[in-house]
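Structure record follows, encoded as structure tokens.
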Amino acid sequence: MVLKKDSDKKIEKLQNLRQKANAAGGEKRIATQHASGKLTARERIELLFDKNTFQEIDQFVKPANTKKETGVLGDGVITGYGKINGRKICCYAQDFTVLGGSLSEISGKKICKLMDLAMKIGSPIIGIIDSGGARIQEGIGSLSGYSSIFYKNVQASGIIPQISIIAGPAAGGATYSPALTDFIFMVDGISQMYITGPDVIRAVTNENISHEELGGSNTHSSKSGVSHFSVKSEIDCFNMVKDLLSYLPQNNTEEPPTSTPINTSPLEEDPTISNILPPKISQPYDMKKIIQRIIDNDNLFEIHKEFAKNIIIGFSKINAQTVGIVAQQPLHMGGVLDIDASVKAARFIRFCDAFNIPILTLIDVPGFMPGVDQESSGIIRHGAKLIYAYAEATVPKISVLIRKAYGGAYIVMSSKDLCGDINFSWPTGEIAVMGAEGAINIIHRKQIAESKDPETLKTKLLEDYTEEFMSPYIAANKGLIDEVIEPKDTRSKIISALEILSTKREFAPQKKHGTIPL
Ligand code: HXC
């Protein structure tokens, strides 16, 4: 009989331990995970990362006071690093087959250690959440785990892009780490986020609601705005995360990646772009059609697509360079700025500013939304966030006034006095304190009331007002519009502006941080 060498025995022990850790919560729980339409944590990582690039760390971590039942090796979360499309990415994936992916003290430490690594090496971090929240059996230990993660999320904010994928329940503490990250993806049918589940709600407020209605992907992507993306399947979700990463730099000291140069000449004219505008100023049109004509290859990576549809935000490439786009959507509520639209755009602008992404603003806005509901819900406070975000941003800011820019909404949308760098206007641009109809009813009220033919008088007054007060040339006369451009030249003008602004440096006075009206 051949005796095994000491070293062989030790290697065998390592292999056994690995096998044990890889088995996670066991075959039965893995089968339940699949039966509920979900992939396992390991399967998710495999789909997300380039083949054989993911390296797991801390696989043998387990809670200190492990009883028989609790604490499988790894303790319910896989952490590590690898490559996505050749770029370094850190990732953790909670394993629902181990005590419902609940967070223990030590699994909290694992996640924090990975976040530290991501910050040190300057790589984006992705968290895949599938968790019942704080591990009940660990009490203060698990709460402390969450506090440390939240702290690290805030430290990492603006340093590295942080992305959360909700791929199962995210209950209690499991909601707030994603909420502190930059982007949240939810998968239809399997993802639910809530602070307290339907049972607690029933007991406390006597309301009856299903898990899906309360915290499903539809609720959070179209109503609450908590989630940025609602995706049909996990595979679609991982592909979309890869797409998102292709627009982002690794960290705040790097530039976003450039794409492969496109074939069409960047300075080609587009003689029919102005046909997108309808004949009358009061008629809506689809702003996305204008965006498509300006960007490379029609690719707008839209964010918050289903939330506050009156404003469009998203990443795109223009002449192969990443750009953050903010644009009104006249198809929805005439493109008016309300609370949700203001907050949606403000947060996006701050992300772009933190990660060196130039902002292109396309303007067609009738004003801030009037109404009792908006006023009592704080449109003053929330609208101020958008002013703050634009004024604070030091990345290149280019705007194109397509049609209307009235009142406060003119000011807020990257105007010259908020330090817009290059402000273009189409000849169809209109800038005024308010729309012509409202304005003449105020300043000529008496004259109209006393007129024998008020309709004819109004038509004349409207024409005069539009010509005298609203034309873009008045703003151009004051240097508040840098150039009135022909629509056909829009893309080439933007490309030139991006090029000239690529060396922009802006120095603000030293301060700890501003006091944005949250
Ligand atoms: C310990 C947990 C757990 C938890 C689930 N499990 N949540 N173990 N701590 N928080 C365990 C279950 O006991 C079960 O173990 C396994 O995970 C799967 O759970 P099921 O309930 O069988 O799964 P399912 O029916 O799919 O329901 C999933 C769920 C439900 C909706 C997430 O488990 C649930 O409601 N959990 C509690 C959610 C919650 O209220 N969390 C808040 C914690 S307070 P076995 O051994 O049977 O397989 C919190 C405070 C922090 O997080 C606040 C910071 C801001």
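Labeling convention for the structure tokens: chains A, B, ... as they appear, residues from 1 per chain, ligands from 1 in order of appearance.
For Gln59 of chain A, the non-local neighbours within 10 Å, defined as residues at least 3 positions apart in the same chain or in other chains and counting only C-alpha atoms, are Leu17, Arg18, Ala21, Asn22, Glu56, Lys62, Leu73, Gly74, Asp75, Gly76, Val77, Ile78, Thr79, Gly80 and Lys110 of chain A.
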Going by DSSP on the backbone, which residues of segment 216-458 of chain A come out as strand (DSSP E or B)? List them as a compact mmCIF listing (two decimals) with C-alpha atoms, in the first residue's frame.
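Saved file selection07.txt follows:
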```txt
# COMPACT_ATOMS: atom_id res chain seq x y z
CA PHE A 229 -33.59 49.84 -14.66
CA SER A 230 -36.28 47.20 -14.86
CA VAL A 231 -35.07 44.18 -16.83
CA PHE A 301 -28.46 54.13 -22.95
CA GLU A 302 -31.49 55.50 -21.19
CA ILE A 303 -31.67 55.61 -17.39
CA ILE A 311 -37.29 64.35 -18.88
CA ILE A 312 -34.86 62.01 -20.65
CA ILE A 313 -31.50 61.14 -19.12
CA GLY A 314 -28.90 58.69 -20.36
CA PHE A 315 -25.43 58.00 -21.64
CA SER A 316 -24.38 57.95 -25.22
CA LYS A 317 -21.32 58.33 -27.41
CA ILE A 318 -20.80 61.35 -29.61
CA GLN A 321 -16.76 59.95 -26.56
CA THR A 322 -19.08 59.29 -23.59
CA VAL A 323 -21.63 62.06 -23.00
CA GLY A 324 -24.41 62.36 -20.42
CA ILE A 325 -27.60 63.62 -22.06
CA VAL A 326 -30.37 65.55 -20.31
CA ALA A 327 -33.34 66.50 -22.48
CA GLN A 328 -36.97 67.44 -22.11
CA LEU A 337 -40.22 70.30 -15.03
CA ILE A 359 -23.18 66.95 -20.10
CA LEU A 360 -25.23 67.74 -23.20
CA THR A 361 -28.57 69.44 -22.47
CA LEU A 362 -31.33 69.64 -25.11
CA ILE A 363 -33.94 72.16 -24.07
CA ASP A 364 -37.64 72.48 -24.82
CA VAL A 365 -39.34 73.37 -21.56
CA PHE A 368 -41.81 74.47 -13.76
CA LYS A 397 -21.62 71.68 -20.20
CA ILE A 398 -23.04 72.14 -23.69
CA SER A 399 -26.65 73.02 -24.38
CA VAL A 400 -28.87 73.32 -27.44
CA LEU A 401 -32.12 75.27 -27.16
CA ILE A 402 -34.49 73.51 -29.55
CA ARG A 403 -37.70 75.39 -28.86
CA LYS A 404 -39.08 76.80 -25.58
CA ALA A 405 -37.17 77.89 -22.48
CA TYR A 406 -39.47 79.85 -20.25
CA ILE A 422 -21.25 76.56 -24.79
CA ASN A 423 -24.91 77.48 -25.30
CA PHE A 424 -26.37 76.97 -28.77
CA SER A 425 -29.86 77.77 -29.97
CA GLU A 430 -37.80 81.03 -27.61
CA ILE A 431 -36.57 82.46 -24.31
CA ALA A 432 -38.89 84.46 -22.11
```
| request: List all protein, DNA and RNA residues that have at least one atom no more than 8 Å from any atom of ligand 1, counting only C-alpha atoms and all ligand atoms, and write them as a ChimeraX atom specification. | output: /A:29,69,96-103,131-137,142-143,146-147,169-176,195-197,200,211
| request: To one decimal in Å, tell me the separation between atom CA of Glu269 of chain A and atom CA of Gly429 of chain A. | output: 19.8 Å
| request: Give me every helix (DSSP H, G or I) residue in segment 273-465 of chain A, going by DSSP on the backbone, as a ChimeraX atom specification. | output: /A:273-276,287-294,296-298,333-335,339-354,372-376,379-392,407-412,416-418,436-443,445-450,454-465
| query | Leaving out Leu331 of chain A and any residue of its chain fewer than 4 positions from it, which residues lie within 9 Å of it when counting only C-alpha atoms, given as a PyMOL selection string? | reply | chain A and resi 283-287+309-310+335
Write the residues of the selection above to a file with all heavy atoms, as a tab-separated table (two decimals), in the first residue's frame.
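Saved result, selection-v2.tsv, follows:
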```
chain	number	residue	atom	x	y	z
A	283	GLN	N	-47.42	72.10	-30.35
A	283	GLN	CA	-47.54	70.67	-30.67
A	283	GLN	C	-46.35	69.86	-30.15
A	283	GLN	O	-45.21	70.33	-30.22
A	283	GLN	CB	-47.64	70.49	-32.20
A	283	GLN	CG	-48.99	70.92	-32.75
A	283	GLN	CD	-49.01	70.85	-34.27
A	283	GLN	OE1	-48.11	71.38	-34.94
A	283	GLN	NE2	-50.02	70.21	-34.81
A	284	PRO	N	-46.64	68.66	-29.63
A	284	PRO	CA	-45.53	67.85	-29.10
A	284	PRO	C	-44.79	67.10	-30.21
A	284	PRO	O	-45.26	67.01	-31.33
A	284	PRO	CB	-46.26	66.84	-28.20
A	284	PRO	CG	-47.62	66.73	-28.78
A	284	PRO	CD	-47.94	68.03	-29.46
A	285	TYR	N	-43.61	66.61	-29.90
A	285	TYR	CA	-42.83	65.75	-30.80
A	285	TYR	C	-41.93	64.91	-29.92
A	285	TYR	O	-41.81	65.15	-28.71
A	285	TYR	CB	-42.00	66.60	-31.78
A	285	TYR	CG	-40.99	67.47	-31.09
A	285	TYR	CD1	-39.68	67.06	-30.89
A	285	TYR	CD2	-41.37	68.71	-30.56
A	285	TYR	CE1	-38.77	67.85	-30.21
A	285	TYR	CE2	-40.48	69.50	-29.88
A	285	TYR	CZ	-39.18	69.07	-29.70
A	285	TYR	OH	-38.29	69.85	-29.00
A	286	ASP	N	-41.30	63.91	-30.51
A	286	ASP	CA	-40.49	62.99	-29.72
A	286	ASP	C	-39.03	63.45	-29.71
A	286	ASP	O	-38.33	63.35	-30.72
A	286	ASP	CB	-40.60	61.58	-30.34
A	286	ASP	CG	-39.93	60.54	-29.49
A	286	ASP	OD1	-39.29	60.91	-28.48
A	286	ASP	OD2	-40.04	59.34	-29.83
A	287	MET	N	-38.59	63.94	-28.56
A	287	MET	CA	-37.21	64.44	-28.46
A	287	MET	C	-36.18	63.35	-28.75
A	287	MET	O	-35.06	63.63	-29.19
A	287	MET	CB	-36.98	65.02	-27.06
A	287	MET	CG	-35.60	65.59	-26.82
A	287	MET	SD	-35.22	67.06	-27.82
A	287	MET	CE	-35.78	68.38	-26.76
A	309	LYS	N	-41.16	60.57	-17.11
A	309	LYS	CA	-40.86	60.49	-18.55
A	309	LYS	C	-40.78	61.86	-19.23
A	309	LYS	O	-40.42	61.94	-20.39
A	309	LYS	CB	-41.95	59.66	-19.24
A	309	LYS	CG	-41.89	58.19	-18.90
A	309	LYS	CD	-43.01	57.50	-19.64
A	309	LYS	CE	-42.97	56.00	-19.47
A	309	LYS	NZ	-44.08	55.37	-20.16
A	310	ASN	N	-41.16	62.93	-18.51
A	310	ASN	CA	-41.08	64.27	-19.09
A	310	ASN	C	-39.64	64.77	-19.23
A	310	ASN	O	-39.39	65.80	-19.84
A	310	ASN	CB	-41.92	65.29	-18.30
A	310	ASN	CG	-41.93	65.02	-16.81
A	310	ASN	OD1	-41.78	63.88	-16.37
A	310	ASN	ND2	-42.09	66.04	-16.02
A	335	GLY	N	-43.10	68.23	-21.54
A	335	GLY	CA	-41.69	68.40	-21.12
A	335	GLY	C	-41.53	69.32	-19.91
A	335	GLY	O	-40.44	69.82	-19.64
```
| query | Of the candidates A:His444, A:Ser259, A:Ala346, A:Phe355, which shows the shortest atom-to-atom distance to Ser414 of chain A, using only C-alpha atoms? | reply | A:Ala346
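From atom CA of Gly158 of chain A back to atom CA of Glu254 of chain A, the distance works out to 12.0 Å.
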| field | Pick from A:Asp116, A:Ser191, A:Ile166, A:Lys9 nearest to Ser36 of chain A, counting only C-alpha atoms | value |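 Nearest candidate to Ser36 of chain A out of A:Asp116, A:Ser191, A:Ile166, A:Lys9: A:Ser191.
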| query | Within 12 Å of Ile380 of chain A, counting only C-alpha atoms, which residues qualify if same-chain residues fewer than 2 places away don't, as a ChimeraX atom specification? | reply | /A:337-339,342-343,368-371,373-378,382-387,408,517-518
| request: Give me, please, the distance in Å between atom CA of Gln94 of chain A and atom CA of Lys223 of chain A, quoted to one decimal. | output: 26.5 Å
Nearby residues (only C-alpha atoms) at most 8 Å from segment 504-508 of chain A, same-chain spacing under 5 positions excluded, as an mmCIF file with N, CA, C and O atoms, in the first residue's frame:
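This went into part28.cif:
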```
data_model
loop_
_atom_site.group_PDB
_atom_site.id
_atom_site.type_symbol
_atom_site.label_atom_id
_atom_site.label_comp_id
_atom_site.auth_asym_id
_atom_site.auth_seq_id
_atom_site.Cartn_x
_atom_site.Cartn_y
_atom_site.Cartn_z
ATOM 1 N N THR A 394 -18.610 70.910 -12.886
ATOM 2 C CA THR A 394 -17.479 71.560 -13.549
ATOM 3 C C THR A 394 -17.047 70.835 -14.824
ATOM 4 O O THR A 394 -16.121 71.256 -15.496
ATOM 5 N N VAL A 395 -17.722 69.722 -15.140
ATOM 6 C CA VAL A 395 -17.415 69.052 -16.415
ATOM 7 C C VAL A 395 -17.931 69.935 -17.559
ATOM 8 O O VAL A 395 -18.742 70.829 -17.324
ATOM 9 N N PRO A 396 -17.488 69.684 -18.805
ATOM 10 C CA PRO A 396 -18.010 70.475 -19.931
ATOM 11 C C PRO A 396 -19.538 70.426 -19.983
ATOM 12 O O PRO A 396 -20.120 69.354 -19.866
#
```
